[in-house]
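Step one of this worksheet: look at the structure below.
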Amino acid sequence: MPRLELADGLALFYHDEGAGEPLVLIHGFPLSSEMYQPQRAALSSNFRVITPDLRGMGRSDTSGGALSMATYADDIIALLDQLGIGQAVVGGMSMGGYVVFELLRRHPERVKGVILIDTRAEADSEEARANRLRMIEQARSQGAAAIAEAMLPRLLSERTRQEQPALARFVYEIMAATPVEGIIAALQAMAARRDATDLLPRITVPTLIIVGSEDQVTPPSVAQAMQQAIPDAELVIVEGAAHAANLERPDEVNQVLRRWLQRFG
Ligand code: MLT
């Protein structure tokens with residue numbers, strides 16, 4: 001797995017597979033680039049699929065301090081710079097979507113198209129922030145495995161967990177392997193993130209929104225509101241999937257992505 005040395009000396013690991021129009025896919029919390037295995041396999045025959053491990057997650061180094069969505073977004077720009085890529089289609093699942101919004105705010109000229117998977121534009125509510133604080137305490141006292149236990153039923157529907165135990169194990173293991181420091185930094189960054197709803201009417205590039213019909217974290221109603229606010233947005237609801245639609249229904253999601261991405265390749 002190649003790595004980039006960031007300006008502050010930390011290593012950022014990433015996959016870079018295939019050739020063609022660049023497509024960057026940013027993972028959710030507390031996951032890693034491995035959550036895009038099905039998309040790398042399906043799309044790298046036509047696209048250059050780049051999937052980084054955000055700092056503090058996967059194999060990438062932890063900063064050891066507070067992080068913001070801006071830092072994660074700037075890391076993606078550093079990666080594009082290193083790879084000599086001017087513009088890319090940029091997608092993100094859940095927290096990855098929060099990073100995409102920050103990219104659109106800070107570096108819109110680098111974004112050629114947007115893919116929003118199971119995510120939302122709104123900032124955290126007071127209740128959501130209080131939950132983050134509780135989760136930070138839980139991560140500190142009980143470690144990453146407890147966070148993985150708590151997150152699994154949010155990510156995968158009950159049916160997926162029953163019918164695809166190997167997938168459930170795979171997702172659990174990614175989360176349980178995330179360094180506690182990275183988990184805490186991401187929770188703090190998500191709690192402090194800005195509301196991005198003001199950006200939605202200003203997104204001028206083609207946008208694809210994907211959401212699982214059973215997503216309780218960022219439900220279809222949230223995705224529908226984003227679609228209405230973004231000028232050129234298509235919405236696809238994936239039946240039977242929860243919050244990790246690309247993993248629960250990979251064939252369906254890959255088919256949608258292939259069709260939508262044709263305009264770029
Ligand atoms: C994620 O899947 O990235 C998280 O559930 C996002 C969040 O907690 O807001």
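How things are named: the first chain in the structure tokens is A, the next is B, and so on; residues count from 1 in each chain; ligands count from 1 in the order shown.
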| message | At a cut-off of 6 Å around ligand 1, and using only C-alpha atoms and all ligand atoms, what residues come up? Please write them as a count of residues only. | response | 4
| message | Applying 12 Å and only C-alpha atoms, which residues near Met35 of chain A remain after dropping the ones on its own chain fewer than 4 positions away? List them as an MDAnalysis selection string. | response | chainID A and resid 15 25:31 39:41 51:53 57:58 92:93 96 155 167:168 170:175 244:248 250
Could you write those residues out with N, CA and C atoms, as a CSV table (one decimal), in the first residue's frame?
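result-v6.csv, written as the output of this step:
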```csv
chain,number,residue,atom,x,y,z
A,15,HIS,N,-4.8,3.4,-1.4
A,15,HIS,CA,-4.8,2.5,-2.5
A,15,HIS,C,-5.0,3.4,-3.7
A,25,LEU,N,-12.5,8.0,-3.2
A,25,LEU,CA,-13.6,7.6,-2.3
A,25,LEU,C,-13.1,7.6,-0.8
A,26,ILE,N,-13.8,8.4,0.0
A,26,ILE,CA,-13.4,8.6,1.4
A,26,ILE,C,-14.3,7.9,2.3
A,27,HIS,N,-13.6,7.1,3.2
A,27,HIS,CA,-14.4,6.2,4.1
A,27,HIS,C,-15.1,6.9,5.2
A,28,GLY,N,-15.9,6.1,5.9
A,28,GLY,CA,-16.7,6.6,7.0
A,28,GLY,C,-16.0,6.3,8.3
A,29,PHE,N,-16.7,6.5,9.4
A,29,PHE,CA,-16.1,6.4,10.8
A,29,PHE,C,-16.6,5.1,11.4
A,30,PRO,N,-15.8,4.4,12.2
A,30,PRO,CA,-14.3,4.5,12.3
A,30,PRO,C,-13.8,3.4,11.4
A,31,LEU,N,-13.8,3.6,10.1
A,31,LEU,CA,-13.5,2.6,9.1
A,31,LEU,C,-12.2,2.9,8.5
A,39,GLN,N,-15.8,-1.6,-4.5
A,39,GLN,CA,-15.8,-0.5,-5.5
A,39,GLN,C,-14.4,-0.5,-6.2
A,40,ARG,N,-13.3,-0.8,-5.5
A,40,ARG,CA,-12.0,-0.9,-6.2
A,40,ARG,C,-12.1,-2.0,-7.2
A,41,ALA,N,-12.6,-3.1,-6.8
A,41,ALA,CA,-12.6,-4.3,-7.7
A,41,ALA,C,-13.5,-4.0,-8.9
A,51,THR,N,-8.3,5.4,-2.8
A,51,THR,CA,-9.1,5.3,-1.6
A,51,THR,C,-8.0,5.5,-0.4
A,52,PRO,N,-8.0,6.6,0.2
A,52,PRO,CA,-7.1,6.9,1.3
A,52,PRO,C,-7.6,6.3,2.6
A,53,ASP,N,-6.7,6.1,3.6
A,53,ASP,CA,-7.0,5.9,5.0
A,53,ASP,C,-6.9,7.3,5.6
A,57,MET,N,-6.9,6.6,11.1
A,57,MET,CA,-7.7,5.4,10.8
A,57,MET,C,-6.9,4.6,9.8
A,58,GLY,N,-7.4,3.3,9.7
A,58,GLY,CA,-6.7,2.4,8.8
A,58,GLY,C,-5.2,2.3,9.2
A,92,GLY,N,-17.8,10.3,-0.7
A,92,GLY,CA,-17.6,10.0,0.7
A,92,GLY,C,-18.8,9.3,1.3
A,93,MET,N,-18.5,8.4,2.2
A,93,MET,CA,-19.6,7.7,2.9
A,93,MET,C,-19.6,8.3,4.3
A,96,GLY,N,-17.0,10.4,5.6
A,96,GLY,CA,-16.3,10.8,4.3
A,96,GLY,C,-17.1,11.8,3.6
A,155,LEU,N,-24.3,0.5,11.3
A,155,LEU,CA,-23.8,0.4,9.9
A,155,LEU,C,-24.5,-0.6,9.0
A,167,LEU,N,-19.3,-10.6,6.3
A,167,LEU,CA,-19.3,-9.1,6.1
A,167,LEU,C,-19.3,-8.4,7.4
A,168,ALA,N,-20.2,-8.8,8.3
A,168,ALA,CA,-20.3,-8.2,9.6
A,168,ALA,C,-19.0,-8.3,10.4
A,170,PHE,N,-16.0,-8.7,9.0
A,170,PHE,CA,-15.0,-7.8,8.3
A,170,PHE,C,-15.1,-6.4,8.7
A,171,VAL,N,-16.4,-5.9,8.8
A,171,VAL,CA,-16.6,-4.5,9.2
A,171,VAL,C,-16.2,-4.3,10.7
A,172,TYR,N,-16.6,-5.2,11.5
A,172,TYR,CA,-16.3,-5.2,12.9
A,172,TYR,C,-14.7,-5.1,13.1
A,173,GLU,N,-14.0,-5.9,12.3
A,173,GLU,CA,-12.6,-6.0,12.5
A,173,GLU,C,-11.9,-4.7,12.1
A,174,ILE,N,-12.4,-4.1,11.0
A,174,ILE,CA,-11.8,-2.8,10.6
A,174,ILE,C,-11.9,-1.8,11.8
A,175,MET,N,-13.1,-1.7,12.3
A,175,MET,CA,-13.4,-0.8,13.4
A,175,MET,C,-12.6,-1.0,14.6
A,244,ALA,N,-24.3,1.4,5.5
A,244,ALA,CA,-23.1,1.1,4.7
A,244,ALA,C,-23.5,0.4,3.4
A,245,ALA,N,-24.4,1.2,2.6
A,245,ALA,CA,-25.0,0.6,1.4
A,245,ALA,C,-24.0,0.0,0.4
A,246,ASN,N,-22.8,0.6,0.3
A,246,ASN,CA,-21.8,0.1,-0.7
A,246,ASN,C,-21.3,-1.2,-0.3
A,247,LEU,N,-21.3,-1.6,1.0
A,247,LEU,CA,-20.9,-2.9,1.4
A,247,LEU,C,-22.0,-3.9,1.5
A,248,GLU,N,-23.2,-3.4,1.8
A,248,GLU,CA,-24.3,-4.3,2.0
A,248,GLU,C,-24.9,-4.8,0.7
A,250,PRO,N,-23.2,-4.4,-2.7
A,250,PRO,CA,-22.1,-3.9,-3.6
A,250,PRO,C,-22.5,-3.9,-5.0
```
Point to revise | segment 119-121 of chain A environment, 12 Å, only C-alpha atoms, sequence neighbours closer than 3 positions dropped, as a PyMOL selection string | key: chain A and resi 26-29+91-102+104+115-116+124-125+155+190+193-201+208-212+215-227+229-230+242-245
field: Pick from A:Ala241, A:Val256, A:Leu152, A:Ile184, whichever lies nearest to Ala66 of chain A using only C-alpha atoms
entry: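 Of the candidates, the smallest distance to Ala66 of chain A is held by A:Ile184.
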Residue with the minimum atom-to-atom distance to Leu80 of chain A, picked from A:Ala145, A:Arg105, A:Leu4, A:Ser32 with only C-alpha atoms counted, is A:Leu4
Students should find that atom CA of Pro38 of chain A and atom CA of Glu17 of chain A are spaced 12.4 Å
Kindly give the distance, in Å, that separates atom CA of Asp75 of chain A and atom CA of Glu122 of chain A, rounded to a single decimal.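 If I compute the distance from atom CA of Asp75 of chain A to atom CA of Glu122 of chain A, I get 22.3 Å.
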* Asked: Mind checking DSSP for segment 131-265 of chain A and telling me the strand (DSSP E) residues as a list of chain:residue names?
  -> A:Thr207, A:Leu208, A:Ile209, A:Ile210, A:Val211, A:Gly212, A:Ala233, A:Glu234, A:Leu235, A:Val236, A:Ile237, A:Val238
With N, CA and C atoms retained, write the just-selected residues as an mmCIF file, in the first residue's frame.
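Okay, this is what ended up in selection32.cif:
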```
data_model
loop_
_atom_site.group_PDB
_atom_site.id
_atom_site.type_symbol
_atom_site.label_atom_id
_atom_site.label_comp_id
_atom_site.auth_asym_id
_atom_site.auth_seq_id
_atom_site.Cartn_x
_atom_site.Cartn_y
_atom_site.Cartn_z
ATOM 1 N N THR A 207 -23.850 15.493 -9.223
ATOM 2 C CA THR A 207 -23.817 14.896 -7.881
ATOM 3 C C THR A 207 -24.703 13.655 -7.839
ATOM 4 N N LEU A 208 -24.166 12.603 -7.255
ATOM 5 C CA LEU A 208 -24.926 11.371 -7.065
ATOM 6 C C LEU A 208 -25.079 11.136 -5.558
ATOM 7 N N ILE A 209 -26.306 10.907 -5.143
ATOM 8 C CA ILE A 209 -26.571 10.633 -3.723
ATOM 9 C C ILE A 209 -27.091 9.201 -3.610
ATOM 10 N N ILE A 210 -26.471 8.434 -2.740
ATOM 11 C CA ILE A 210 -26.886 7.042 -2.526
ATOM 12 C C ILE A 210 -27.225 6.884 -1.051
ATOM 13 N N VAL A 211 -28.341 6.223 -0.772
ATOM 14 C CA VAL A 211 -28.694 6.002 0.637
ATOM 15 C C VAL A 211 -29.398 4.650 0.779
ATOM 16 N N GLY A 212 -29.131 3.979 1.879
ATOM 17 C CA GLY A 212 -29.823 2.727 2.163
ATOM 18 C C GLY A 212 -31.240 3.016 2.654
ATOM 19 N N ALA A 233 -28.530 16.913 -9.030
ATOM 20 C CA ALA A 233 -28.290 15.741 -8.180
ATOM 21 C C ALA A 233 -29.262 14.614 -8.502
ATOM 22 N N GLU A 234 -28.711 13.421 -8.550
ATOM 23 C CA GLU A 234 -29.549 12.223 -8.704
ATOM 24 C C GLU A 234 -29.533 11.480 -7.377
ATOM 25 N N LEU A 235 -30.678 10.927 -7.001
ATOM 26 C CA LEU A 235 -30.764 10.173 -5.744
ATOM 27 C C LEU A 235 -31.113 8.723 -6.044
ATOM 28 N N VAL A 236 -30.357 7.811 -5.439
ATOM 29 C CA VAL A 236 -30.675 6.386 -5.558
ATOM 30 C C VAL A 236 -30.850 5.816 -4.152
ATOM 31 N N ILE A 237 -32.004 5.214 -3.909
ATOM 32 C CA ILE A 237 -32.258 4.573 -2.614
ATOM 33 C C ILE A 237 -32.030 3.072 -2.787
ATOM 34 N N VAL A 238 -31.139 2.527 -1.971
ATOM 35 C CA VAL A 238 -30.784 1.115 -2.089
ATOM 36 C C VAL A 238 -31.636 0.319 -1.106
#
```
